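S.K.: My structure file upload33.pdb, PDB, C-alpha atoms, is below:
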```pdb
ATOM      1  CA  GLY A   1     -21.112 -26.833  30.411
ATOM      2  CA  ILE A   2     -17.660 -25.473  29.637
ATOM      3  CA  ILE A   3     -16.302 -26.439  26.230
ATOM      4  CA  GLY A   4     -12.861 -24.899  26.620
ATOM      5  CA  ILE A   5     -10.772 -21.796  27.113
ATOM      6  CA  VAL A   6      -9.862 -19.449  24.259
ATOM      7  CA  ILE A   7      -6.732 -17.282  24.552
ATOM      8  CA  ASN A   8      -6.503 -14.681  21.803
ATOM      9  CA  ASN A   9      -3.115 -13.166  22.630
ATOM     10  CA  THR A  10      -0.479 -15.839  23.183
ATOM     11  CA  ASN A  11       2.514 -13.685  22.295
ATOM     12  CA  LYS A  12       5.536 -15.987  22.379
ATOM     13  CA  TYR A  13       8.144 -13.202  22.662
ATOM     14  CA  VAL A  14       7.722 -10.049  24.736
ATOM     15  CA  ALA A  15      10.062  -7.209  25.608
ATOM     16  CA  VAL A  16      11.074  -6.654  29.208
ATOM     17  CA  GLY A  17       8.973  -3.734  30.419
ATOM     18  CA  SER A  18       5.985  -4.492  28.188
ATOM     19  CA  ASN A  19       2.403  -4.930  29.419
ATOM     20  CA  TYR A  20      -0.654  -6.354  27.673
ATOM     21  CA  ASN A  21      -3.777  -8.437  28.231
ATOM     22  CA  ILE A  22      -3.911 -12.018  26.980
ATOM     23  CA  ASP A  23      -7.643 -11.656  26.153
ATOM     24  CA  ALA A  24      -8.856 -15.027  27.451
ATOM     25  CA  HIS A  25     -12.462 -16.163  27.777
ATOM     26  CA  LEU A  26     -14.509 -19.288  28.384
ATOM     27  CA  ASP A  27     -16.195 -21.105  25.537
ATOM     28  CA  TYR A  28     -19.358 -22.638  27.019
ATOM     29  CA  VAL A  29     -23.027 -23.513  26.483
ATOM     30  CA  GLY A  30     -25.838 -22.898  28.917
ATOM     31  CA  ASP A  31     -25.268 -21.101  32.191
ATOM     32  CA  ASN A  32     -21.790 -20.636  33.572
ATOM     33  CA  ASP A  33     -20.454 -18.868  36.631
ATOM     34  CA  LYS A  34     -16.867 -20.061  36.494
ATOM     35  CA  LYS A  35     -14.197 -17.400  36.788
ATOM     36  CA  LEU A  36     -10.897 -17.824  35.023
ATOM     37  CA  LYS A  37      -7.775 -18.243  37.108
ATOM     38  CA  TYR A  38      -4.375 -17.069  35.889
ATOM     39  CA  GLU A  39      -0.949 -18.326  36.918
ATOM     40  CA  SER A  40       2.674 -17.769  35.910
ATOM     41  CA  SER A  41       5.251 -20.489  36.546
ATOM     42  CA  ASN A  42       7.787 -17.759  37.394
ATOM     43  CA  SER A  43       6.252 -14.442  38.380
ATOM     44  CA  ASP A  44       9.711 -12.885  38.755
ATOM     45  CA  ILE A  45      10.072 -13.144  34.970
ATOM     46  CA  VAL A  46       6.484 -12.578  33.823
ATOM     47  CA  SER A  47       3.605 -11.815  36.171
ATOM     48  CA  ILE A  48      -0.105 -12.030  35.436
ATOM     49  CA  ASP A  49      -2.953 -10.583  37.504
ATOM     50  CA  ASP A  50      -6.542 -11.750  38.059
ATOM     51  CA  GLU A  51      -7.714  -9.991  34.892
ATOM     52  CA  GLY A  52      -5.142 -11.571  32.581
ATOM     53  CA  ASN A  53      -2.818  -8.581  32.408
ATOM     54  CA  ILE A  54       0.769  -9.587  31.620
ATOM     55  CA  SER A  55       3.855  -7.711  32.878
ATOM     56  CA  ALA A  56       7.266  -8.752  31.529
ATOM     57  CA  LEU A  57       9.751  -8.084  34.327
ATOM     58  CA  SER A  58      13.071  -9.760  33.473
ATOM     59  CA  ASP A  59      14.834 -12.027  30.960
ATOM     60  CA  GLY A  60      13.771 -15.668  30.883
ATOM     61  CA  LYS A  61      10.963 -18.064  30.080
ATOM     62  CA  THR A  62       7.747 -18.828  31.922
ATOM     63  CA  ILE A  63       4.541 -20.799  31.416
ATOM     64  CA  ILE A  64       1.244 -18.953  31.624
ATOM     65  CA  THR A  65      -1.704 -21.161  32.603
ATOM     66  CA  VAL A  66      -5.366 -20.184  32.395
ATOM     67  CA  SER A  67      -7.796 -22.510  34.118
ATOM     68  CA  ALA A  68     -11.509 -22.770  34.855
ATOM     69  CA  THR A  69     -11.407 -26.125  36.627
ATOM     70  CA  ASP A  70      -8.656 -28.619  37.371
ATOM     71  CA  ASP A  71      -9.269 -30.480  34.113
ATOM     72  CA  ILE A  72     -10.027 -27.472  31.891
ATOM     73  CA  LYS A  73      -6.962 -25.319  31.354
ATOM     74  CA  GLU A  74      -4.779 -23.888  28.623
ATOM     75  CA  SER A  75      -1.085 -23.009  28.809
ATOM     76  CA  PHE A  76       1.505 -21.294  26.654
ATOM     77  CA  GLU A  77       5.155 -20.347  27.003
ATOM     78  CA  ILE A  78       6.440 -16.775  26.989
ATOM     79  CA  THR A  79      10.019 -15.659  26.469
ATOM     80  CA  SER A  80      10.679 -12.283  28.049
ATOM     81  CA  THR A  81      13.773 -10.577  26.671
ATOM     82  CA  SER A  82      15.631  -7.285  26.774
ATOM     83  CA  LEU A  83      16.956  -7.921  23.238
ATOM     84  CA  ILE A  84      13.867  -6.116  21.939
ATOM     85  CA  ARG A  85      12.011  -3.086  23.247
ATOM     86  CA  PRO A  86       8.265  -2.537  23.651
ATOM     87  CA  ALA A  87       7.119  -1.501  20.173
ATOM     88  CA  MET A  88       7.261   2.277  19.984
ATOM     89  CA  GLN A  89       7.902   5.126  17.590
ATOM     90  CA  ASN A  90      11.242   6.444  18.831
ATOM     91  CA  ASN A  91      14.027   7.272  16.391
ATOM     92  CA  ASP A  92      16.437   8.358  19.117
ATOM     93  CA  ARG A  93      18.540   5.190  19.000
ATOM     94  CA  SER A  94      22.270   4.574  18.918
ATOM     95  CA  ILE A  95      23.812   2.642  16.036
ATOM     96  CA  VAL A  96      23.991  -1.102  16.612
ATOM     97  CA  ALA A  97      27.471  -2.008  17.888
ATOM     98  CA  CYS A  98      29.757  -4.194  15.784
ATOM     99  CA  ASN A  99      29.493  -7.909  16.625
ATOM    100  CA  SER A 100      28.164  -7.189  20.125
ATOM    101  CA  TYR A 101      25.748 -10.135  20.379
ATOM    102  CA  THR A 102      26.423 -13.723  21.424
ATOM    103  CA  THR A 103      25.478 -16.609  19.134
ATOM    104  CA  GLU A 104      22.512 -17.436  21.374
ATOM    105  CA  GLU A 105      21.295 -13.834  21.334
ATOM    106  CA  LEU A 106      21.528 -13.654  17.541
ATOM    107  CA  LYS A 107      19.495 -16.842  17.179
ATOM    108  CA  LEU A 108      16.833 -15.473  19.515
ATOM    109  CA  LEU A 109      16.609 -12.210  17.552
ATOM    110  CA  ASP A 110      16.170 -14.118  14.293
ATOM    111  CA  ASP A 111      13.564 -16.366  15.952
ATOM    112  CA  ILE A 112      11.605 -13.321  17.154
ATOM    113  CA  LEU A 113      11.669 -11.749  13.685
ATOM    114  CA  ALA A 114      10.527 -15.015  12.087
ATOM    115  CA  TYR A 115       7.754 -15.372  14.681
ATOM    116  CA  ARG A 116       6.465 -11.843  14.057
ATOM    117  CA  ILE A 117       6.341 -12.553  10.312
ATOM    118  CA  SER A 118       4.710 -15.957  10.849
ATOM    119  CA  GLU A 119       2.024 -14.462  13.106
ATOM    120  CA  ALA A 120       1.273 -11.843  10.450
ATOM    121  CA  LYS A 121       1.424 -14.630   7.806
ATOM    122  CA  GLU A 122       4.497 -14.935   5.626
ATOM    123  CA  GLY A 123       3.951 -14.367   1.922
ATOM    124  CA  THR A 124       1.336 -11.665   2.488
ATOM    125  CA  ARG A 125       1.251  -7.894   2.812
ATOM    126  CA  ALA A 126       1.131  -8.252   6.608
ATOM    127  CA  GLY A 127       4.292 -10.384   6.637
ATOM    128  CA  VAL A 128       6.214  -7.638   4.839
ATOM    129  CA  VAL A 129       4.862  -4.985   7.209
ATOM    130  CA  ALA A 130       5.870  -7.121  10.210
ATOM    131  CA  ALA A 131       9.487  -7.251   9.003
ATOM    132  CA  ALA A 132       9.617  -3.479   8.484
ATOM    133  CA  ARG A 133       8.027  -2.746  11.848
ATOM    134  CA  PHE A 134      10.452  -5.048  13.652
ATOM    135  CA  LEU A 135      13.513  -3.054  12.584
ATOM    136  CA  ALA A 136      11.866   0.335  13.153
ATOM    137  CA  LEU A 137       9.830  -0.289  16.306
ATOM    138  CA  GLU A 138      11.137  -3.290  18.268
ATOM    139  CA  PHE A 139      14.849  -3.590  17.508
ATOM    140  CA  PRO A 140      16.464  -1.265  20.084
ATOM    141  CA  TYR A 141      19.332  -0.030  17.890
ATOM    142  CA  LEU A 142      19.559   1.919  14.652
ATOM    143  CA  ILE A 143      20.533   0.095  11.466
ATOM    144  CA  PRO A 144      22.539   2.924   9.854
ATOM    145  CA  TYR A 145      22.357   4.131   6.291
ATOM    146  CA  PHE A 146      25.186   2.869   4.118
ATOM    147  CA  TYR A 147      25.491   3.969   0.519
ATOM    148  CA  GLU A 148      25.792   0.716  -1.403
ATOM    149  CA  ASN A 149      29.055  -0.323  -2.986
ATOM    150  CA  GLY A 150      27.030  -2.450  -5.374
ATOM    151  CA  ARG A 151      24.314  -5.077  -5.612
ATOM    152  CA  LEU A 152      24.200  -8.671  -6.737
ATOM    153  CA  THR A 153      22.698  -7.866 -10.118
ATOM    154  CA  THR A 154      25.501  -5.476 -11.076
ATOM    155  CA  ASN A 155      28.830  -6.414  -9.542
ATOM    156  CA  GLY A 156      28.090  -9.427  -7.371
ATOM    157  CA  VAL A 157      28.329  -7.556  -4.071
ATOM    158  CA  ASP A 158      26.080  -8.564  -1.182
ATOM    159  CA  GLY A 159      25.812  -7.157   2.333
ATOM    160  CA  GLU A 160      27.153  -3.680   1.580
ATOM    161  CA  GLY A 161      24.261  -1.280   1.904
ATOM    162  CA  ARG A 162      21.950  -4.245   1.398
ATOM    163  CA  TYR A 163      21.426  -7.737   2.781
ATOM    164  CA  TYR A 164      19.427 -10.036   0.575
ATOM    165  CA  ASN A 165      19.111 -12.872   3.083
ATOM    166  CA  LYS A 166      16.786 -14.064   5.848
ATOM    167  CA  GLY A 167      17.242 -12.679   9.339
ATOM    168  CA  LEU A 168      19.358  -9.873  10.744
ATOM    169  CA  TYR A 169      22.843  -9.225   9.342
ATOM    170  CA  LEU A 170      24.555  -9.388  12.728
ATOM    171  CA  GLY A 171      27.590 -11.396  13.764
ATOM    172  CA  GLU A 172      30.564 -13.038  12.102
ATOM    173  CA  GLU A 173      28.574 -16.170  11.245
ATOM    174  CA  LYS A 174      26.289 -14.099   9.010
ATOM    175  CA  GLU A 175      29.345 -12.532   7.364
ATOM    176  CA  SER A 176      30.412 -15.996   6.207
ATOM    177  CA  GLN A 177      27.116 -16.322   4.271
ATOM    178  CA  ILE A 178      27.787 -13.325   2.031
ATOM    179  CA  ARG A 179      28.022 -14.430  -1.585
ATOM    180  CA  GLY A 180      30.225 -11.684  -2.960
ATOM    181  CA  THR A 181      32.208  -8.822  -1.466
ATOM    182  CA  PHE A 182      33.852  -5.631  -2.599
ATOM    183  CA  ALA A 183      34.994  -4.099   0.689
ATOM    184  CA  GLY A 184      33.363  -6.508   3.168
ATOM    185  CA  PRO A 185      32.068  -8.716   4.554
ATOM    186  CA  SER A 186      31.064  -6.519   7.433
ATOM    187  CA  SER A 187      27.833  -7.008   9.385
ATOM    188  CA  TRP A 188      25.524  -4.174  10.448
ATOM    189  CA  GLY A 189      27.285  -1.665  12.660
ATOM    190  CA  CYS A 190      30.784  -2.828  11.713
ATOM    191  CA  PRO A 191      33.157  -0.457   9.863
ATOM    192  CA  LEU A 192      33.160  -0.759   6.090
ATOM    193  CA  MET A 193      34.933   1.215   3.383
ATOM    194  CA  ASN A 194      32.547   3.428   1.453
ATOM    195  CA  TYR A 195      33.466   3.984  -2.200
ATOM    196  CA  GLU A 196      30.458   6.075  -3.201
ATOM    197  CA  ASP A 197      30.166   9.859  -3.112
ATOM    198  CA  ASP A 198      26.600  10.866  -2.350
ATOM    199  CA  GLY A 199      27.473  14.353  -1.147
ATOM    200  CA  TYR A 200      26.999  13.325   2.460
ATOM    201  CA  ARG A 201      29.343  10.421   3.099
ATOM    202  CA  LYS A 202      32.847  10.874   1.767
ATOM    203  CA  PRO A 203      34.318   8.167  -0.461
ATOM    204  CA  PHE A 204      37.295   6.123   0.738
ATOM    205  CA  THR A 205      36.111   6.540   4.324
ATOM    206  CA  TYR A 206      34.947   3.920   6.817
ATOM    207  CA  PHE A 207      31.348   4.029   8.031
ATOM    208  CA  PRO A 208      29.237   1.531   9.989
ATOM    209  CA  ASN A 209      27.630  -0.852   7.528
ATOM    210  CA  GLY A 210      23.859  -0.849   7.199
ATOM    211  CA  LEU A 211      21.160  -0.517   4.549
ATOM    212  CA  ASP A 212      20.463   1.989   1.819
ATOM    213  CA  CYS A 213      16.844   2.753   0.897
ATOM    214  CA  SER A 214      16.247  -0.007  -1.650
ATOM    215  CA  GLY A 215      18.408  -2.340   0.428
ATOM    216  CA  PHE A 216      15.999  -1.916   3.335
ATOM    217  CA  VAL A 217      12.888  -2.389   1.188
ATOM    218  CA  SER A 218      14.268  -5.448  -0.622
ATOM    219  CA  TRP A 219      15.323  -6.964   2.748
ATOM    220  CA  THR A 220      11.821  -6.290   4.091
ATOM    221  CA  LEU A 221      10.125  -7.875   1.075
ATOM    222  CA  PHE A 222      12.449 -10.888   1.075
ATOM    223  CA  ASN A 223      11.990 -11.581   4.786
ATOM    224  CA  GLY A 224       8.238 -11.081   4.417
ATOM    225  CA  GLY A 225       8.154 -13.862   1.828
ATOM    226  CA  PHE A 226       8.607 -12.165  -1.564
ATOM    227  CA  ASP A 227      11.562 -12.700  -3.887
ATOM    228  CA  ILE A 228      11.625  -9.228  -5.434
ATOM    229  CA  GLN A 229      15.161  -9.792  -6.719
ATOM    230  CA  ASP A 230      18.002  -7.591  -5.587
ATOM    231  CA  VAL A 231      17.069  -4.420  -7.458
ATOM    232  CA  GLY A 232      17.173  -0.705  -6.774
ATOM    233  CA  SER A 233      14.716   2.147  -6.563
ATOM    234  CA  GLY A 234      13.862   4.797  -9.083
ATOM    235  CA  LEU A 235      12.067   5.056 -12.395
ATOM    236  CA  SER A 236      14.776   3.575 -14.595
ATOM    237  CA  ASP A 237      14.262   1.842 -17.920
ATOM    238  CA  GLY A 238      15.331  -1.420 -16.300
ATOM    239  CA  TYR A 239      13.375  -3.361 -13.700
ATOM    240  CA  ASP A 240      13.339  -1.831 -10.232
ATOM    241  CA  ILE A 241      11.237  -2.042  -7.079
ATOM    242  CA  THR A 242       8.641   0.457  -8.305
ATOM    243  CA  ASP A 243       7.764  -1.937 -11.150
ATOM    244  CA  ALA A 244       6.324  -4.405  -8.631
ATOM    245  CA  GLY A 245       3.115  -2.371  -8.326
ATOM    246  CA  VAL A 246       1.141   0.475  -9.849
ATOM    247  CA  ILE A 247       2.550   3.979  -9.354
ATOM    248  CA  ARG A 248      -0.027   6.386  -7.959
ATOM    249  CA  TYR A 249       0.824  10.053  -8.376
ATOM    250  CA  ASP A 250      -2.630  11.073  -7.040
ATOM    251  CA  MET A 251      -1.371  10.437  -3.522
ATOM    252  CA  TYR A 252      -3.866  12.536  -1.561
ATOM    253  CA  GLU A 253      -6.853  11.050  -3.407
ATOM    254  CA  TYR A 254      -5.404   7.545  -3.072
ATOM    255  CA  VAL A 255      -4.867   7.836   0.691
ATOM    256  CA  SER A 256      -8.198   9.611   1.264
ATOM    257  CA  SER A 257     -10.077   6.898  -0.608
ATOM    258  CA  GLY A 258      -8.950   4.269   1.906
ATOM    259  CA  GLU A 259      -7.241   2.215  -0.797
ATOM    260  CA  ALA A 260      -3.728   2.849   0.513
ATOM    261  CA  LYS A 261      -2.532   0.200   2.941
ATOM    262  CA  PRO A 262       0.510  -0.510   5.083
ATOM    263  CA  GLY A 263       2.958  -2.352   2.855
ATOM    264  CA  ASP A 264       2.517   0.005  -0.097
ATOM    265  CA  LEU A 265       5.811   1.554  -1.170
ATOM    266  CA  ILE A 266       6.414   5.297  -1.205
ATOM    267  CA  GLY A 267       9.171   7.508  -2.549
ATOM    268  CA  TRP A 268      10.552   9.694  -5.274
ATOM    269  CA  ASP A 269      12.810   8.934  -8.228
ATOM    270  CA  GLY A 270      15.930   7.438  -6.656
ATOM    271  CA  HIS A 271      14.450   6.800  -3.208
ATOM    272  CA  ILE A 272      12.014   4.231  -1.828
ATOM    273  CA  GLY A 273      10.448   3.513   1.552
ATOM    274  CA  ILE A 274       7.479   1.548   2.836
ATOM    275  CA  ILE A 275       4.250   2.595   4.517
ATOM    276  CA  GLY A 276       4.446   0.988   7.952
ATOM    277  CA  ALA A 277       1.079   2.087   9.355
ATOM    278  CA  ILE A 278      -1.940   4.317   8.693
ATOM    279  CA  ASP A 279      -4.434   5.830  11.110
ATOM    280  CA  ASP A 280      -7.110   8.506  10.850
ATOM    281  CA  ASN A 281      -4.598  11.362  10.947
ATOM    282  CA  TYR A 282      -1.220  10.050   9.864
ATOM    283  CA  VAL A 283       0.662   7.901   7.399
ATOM    284  CA  TYR A 284       3.759   6.346   8.974
ATOM    285  CA  VAL A 285       6.701   5.840   6.629
ATOM    286  CA  ILE A 286       9.606   3.487   7.389
ATOM    287  CA  GLU A 287      12.716   4.143   5.335
ATOM    288  CA  SER A 288      16.497   4.173   5.375
ATOM    289  CA  LEU A 289      17.569   7.716   4.624
ATOM    290  CA  THR A 290      20.434   9.873   5.977
ATOM    291  CA  LYS A 291      20.670   8.330   9.468
ATOM    292  CA  GLY A 292      19.293   4.838   8.894
ATOM    293  CA  VAL A 293      16.103   2.805   9.278
ATOM    294  CA  GLU A 294      13.598   5.116  10.982
ATOM    295  CA  ILE A 295       9.846   5.694  11.097
ATOM    296  CA  TYR A 296       8.218   9.083  10.487
ATOM    297  CA  ASN A 297       4.602  10.154  10.737
ATOM    298  CA  PHE A 298       3.052  12.602   8.270
ATOM    299  CA  ASP A 299      -0.308  14.329   8.375
ATOM    300  CA  ARG A 300      -2.619  12.714   5.814
ATOM    301  CA  THR A 301      -5.611  15.042   6.203
ATOM    302  CA  THR A 302      -4.587  17.927   3.932
ATOM    303  CA  PRO A 303      -3.197  17.896   0.385
ATOM    304  CA  TYR A 304      -0.606  20.461   1.531
ATOM    305  CA  SER A 305       0.932  18.043   4.020
ATOM    306  CA  LYS A 306       4.637  17.244   3.846
ATOM    307  CA  LEU A 307       3.584  13.694   3.003
ATOM    308  CA  TYR A 308       2.467  14.877  -0.428
ATOM    309  CA  THR A 309       5.282  17.361  -1.019
ATOM    310  CA  ARG A 310       8.180  15.243   0.255
ATOM    311  CA  TYR A 311       7.179  12.087  -1.648
ATOM    312  CA  VAL A 312       6.223  11.970  -5.317
ATOM    313  CA  TYR A 313       4.323   8.698  -5.569
ATOM    314  CA  ILE A 314       2.909   5.688  -3.741
ATOM    315  CA  VAL A 315       3.280   2.246  -5.273
ATOM    316  CA  ASP A 316      -0.007   0.325  -5.001
ATOM    317  CA  MET A 317       1.097  -3.244  -4.191
ATOM    318  CA  LYS A 318      -2.232  -5.092  -3.987
ATOM    319  CA  ASP A 319      -1.669  -7.135  -7.152
ATOM    320  CA  TYR A 320       1.846  -8.025  -6.011
ATOM    321  CA  TYR A 321       0.954  -9.166  -2.493
ATOM    322  CA  LYS A 322      -2.409 -10.690  -3.500
ATOM    323  CA  GLU A 323      -3.222 -11.384   0.180
ATOM    324  CA  ASP A 324      -3.328  -9.032   3.149
ATOM    325  CA  GLY A 325      -2.747 -11.700   5.787
ATOM    326  CA  ASN A 326      -3.313 -10.653   9.403
ATOM    327  CA  LEU A 327      -2.823  -6.999   8.583
ATOM    328  CA  THR A 328      -3.184  -4.323  11.233
ATOM    329  CA  TYR A 329      -3.141  -0.682  10.317
TER     330      TYR A 329
END
```
Before we go any further, please render this structure as structure tokens.
M.R.:
Amino acid sequence: GIIGIVINNTNKYVAVGSNYNIDAHLDYVGDNDKKLKYESSNSDIVSIDDEGNISALSDGKTIITVSATDDIKESFEITSTSLIRPAMQNNDRSIVACNSYTTEELKLLDDILAYRISEAKEGTRAGVVAAARFLALEFPYLIPYFYENGRLTTNGVDGEGRYYNKGLYLGEEKESQIRGTFAGPSSWGCPLMNYEDDGYRKPFTYFPNGLDCSGFVSWTLFNGGFDIQDVGSGLSDGYDITDAGVIRYDMYEYVSSGEAKPGDLIGWDGHIGIIGAIDDNYVYVIESLTKGVEIYNFDRTTPYSKLYTRYVYIVDMKDYYKEDGNLTY
């Protein structure tokens, strides 16, 4: 007889325009010829076909029900939203507009981010990777680069080129949470006075607020479940992000050995990013540099690749994370 129905892909939040299969099957003993039936409570929002293929069509919520008989069924709720995009590598994004979201939209965005991290398992390598991927792949707007006016450990400034808090720094309500300001508070995308001269952005000029390189990595680690402290990048005498793991200068050998994993940090002295994904041919780096938080793929198959000439080291983070969680490469 039929024991139950197993659904392996009950994604709670999906982007309008996305398609995927819920991967459902019967759990049974003996012979069984029952075919699963699929139903959406509102097929104008999310439709599902006879094979379990989901299509998110418009904003809203719906209940997906999978049944084998009248008394054996499983259901789950899906929120379809245009606040996120189908996960893709596409850096051609406009800068997030200043305070352009409603309170309800901001809560939903934070809920989606928290759900992605929870599904990956917060407090693990996968939780950190989920946070990084959300900003680079699912959030439809660019979080711009902003050269920090300071950090909490030096002059008490928060939210200027960094945001050492849970969730997305969007909206006036988040601005009220900032613990110390120098030129702000000013949430992502809002104009903020820049006082630093990095040779690219002129001092005493307004730029849209965002994240610098270590600001992005520390935000990613903090939201993934790790209190790294609000520190910078580099190889300084004091504690910085690179001290969280073991620096590997033998990058080609390290990647080729299969030891490198998404969630390892990567950079050069004064800059830090995070490995967001790895496949047979490429290492994908997520970082905030020049334009903002973007993802780049680099050939991993030759020691002469730009991956090994652009970056100086990878930071092996296995002893820091301790657990991989539900990591996907």
S.K.: Just say which residues the PyMOL selection byres ((chain A and resi 175) around 9) picks in this file, as a list of chain:residue names.
M.R.: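 Residues picked by the PyMOL selection byres ((chain A and resi 175) around 9): A:Gly159, A:Tyr169, A:Leu170, A:Gly171, A:Glu172, A:Glu173, A:Lys174, A:Ser176, A:Gln177, A:Ile178, A:Gly184, A:Pro185, A:Ser186, A:Ser187.
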S.K.: When the PyMOL selection byres ((chain A and resi 12-16) around 9) is applied to the file above, which residues end up in the set, as a PyMOL selection string?
M.R.: chain A and resi 10-11+17-19+45-46+55-59+76-87+112+115-116+138
S.K.: For a quick check of understanding, using all atoms listed in the file, which of A:Val315, A:Val6, A:Ala131, A:Ala24 has the smallest distance to Leu265 of chain A?
M.R.: A:Val315
S.K.: Using the chain letters and numbering of this document, enumerate as a PyMOL selection string the residues selected by the PyMOL selection byres ((chain A and resi 302-314) around 10).
M.R.: chain A and resi 242+245-256+260+264-269+271-275+281-285+296-301+315-317
S.K.: Which one of A:Gly161, A:Gly123, A:Gly4, A:Gly276 sits closest to Lys73 of chain A if you count all atoms listed in the file?
M.R.: A:Gly4
S.K.: Got a sec: who's within 8 Å of segment 222-234 of chain A, counting only C-alpha atoms, leaving out chain neighbours fewer than 6 positions off, as a PyMOL selection string?
M.R.: chain A and resi 117+122-131+151-153+164-167+213-215+240-242+244+268-272
S.K.: Near Ser94 of chain A, within 9 Å and counting only C-alpha atoms, which residues show up once chain neighbours fewer than 6 positions away are dropped, as a ChimeraX atom specification?
M.R.: /A:140-143
S.K.: Calculate how many Å separate atom CA of Asn8 of chain A from atom CA of Asn21 of chain A, rounding to one decimal.
M.R.: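 According to the coordinates, atom CA of Asn8 of chain A and atom CA of Asn21 of chain A are separated by 9.4 Å.
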S.K.: Could you tell me how far atom CA of Tyr195 of chain A sits from atom CA of Asp158 of chain A, in Å to one decimal place?
M.R.: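 Atom CA of Tyr195 of chain A lies at a distance of 14.6 Å from atom CA of Asp158 of chain A.
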S.K.: Taking into account only C-alpha atoms, which residue in the set A:Gly292, A:Gly238, A:Gly1, A:Gly156 is nearest to Phe216 of chain A?
M.R.: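 That would be A:Gly292, the residue with the smallest distance to Phe216 of chain A.
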S.K.: Between atom CA of Glu104 of chain A and atom CA of Leu168 of chain A, what is the distance in Å, rounded to a tenth?
M.R.: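 The value is 13.4 Å.
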S.K.: N, CA, C and O atoms are needed for segment 164-175 of chain A; please write them out as a compact mmCIF listing (two decimals), in the coordinates of the input.
M.R.:
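The resulting file, result_36.txt, is reproduced below:
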```txt
# COMPACT_ATOMS: atom_id res chain seq x y z
N TYR A 164 20.51 -9.31 1.23
CA TYR A 164 19.43 -10.04 0.57
C TYR A 164 19.39 -11.47 1.10
O TYR A 164 19.60 -12.43 0.37
N ASN A 165 19.14 -11.58 2.41
CA ASN A 165 19.11 -12.87 3.08
C ASN A 165 18.09 -12.82 4.20
O ASN A 165 17.63 -11.76 4.61
N LYS A 166 17.72 -13.99 4.73
CA LYS A 166 16.79 -14.06 5.85
C LYS A 166 17.48 -13.67 7.14
O LYS A 166 18.66 -13.96 7.35
N GLY A 167 16.74 -13.02 8.02
CA GLY A 167 17.24 -12.68 9.34
C GLY A 167 17.99 -11.36 9.37
O GLY A 167 18.01 -10.60 8.40
N LEU A 168 18.61 -11.10 10.52
CA LEU A 168 19.36 -9.87 10.74
C LEU A 168 20.83 -10.10 10.40
O LEU A 168 21.40 -11.12 10.75
N TYR A 169 21.43 -9.11 9.72
CA TYR A 169 22.84 -9.22 9.34
C TYR A 169 23.69 -8.78 10.53
O TYR A 169 24.20 -7.67 10.57
N LEU A 170 23.81 -9.67 11.50
CA LEU A 170 24.56 -9.39 12.73
C LEU A 170 25.44 -10.58 13.06
O LEU A 170 24.96 -11.72 13.07
N GLY A 171 26.69 -10.33 13.33
CA GLY A 171 27.59 -11.40 13.76
C GLY A 171 28.45 -11.96 12.65
O GLY A 171 28.11 -11.90 11.47
N GLU A 172 29.59 -12.51 13.06
CA GLU A 172 30.56 -13.04 12.10
C GLU A 172 30.03 -14.24 11.33
O GLU A 172 30.43 -14.49 10.19
N GLU A 173 29.14 -15.02 11.95
CA GLU A 173 28.57 -16.17 11.24
C GLU A 173 27.77 -15.72 10.03
O GLU A 173 27.83 -16.36 8.97
N LYS A 174 27.05 -14.61 10.16
CA LYS A 174 26.29 -14.10 9.01
C LYS A 174 27.24 -13.57 7.93
O LYS A 174 26.93 -13.65 6.74
N GLU A 175 28.38 -13.04 8.34
CA GLU A 175 29.34 -12.53 7.36
C GLU A 175 29.84 -13.65 6.46
O GLU A 175 30.12 -13.44 5.27
```
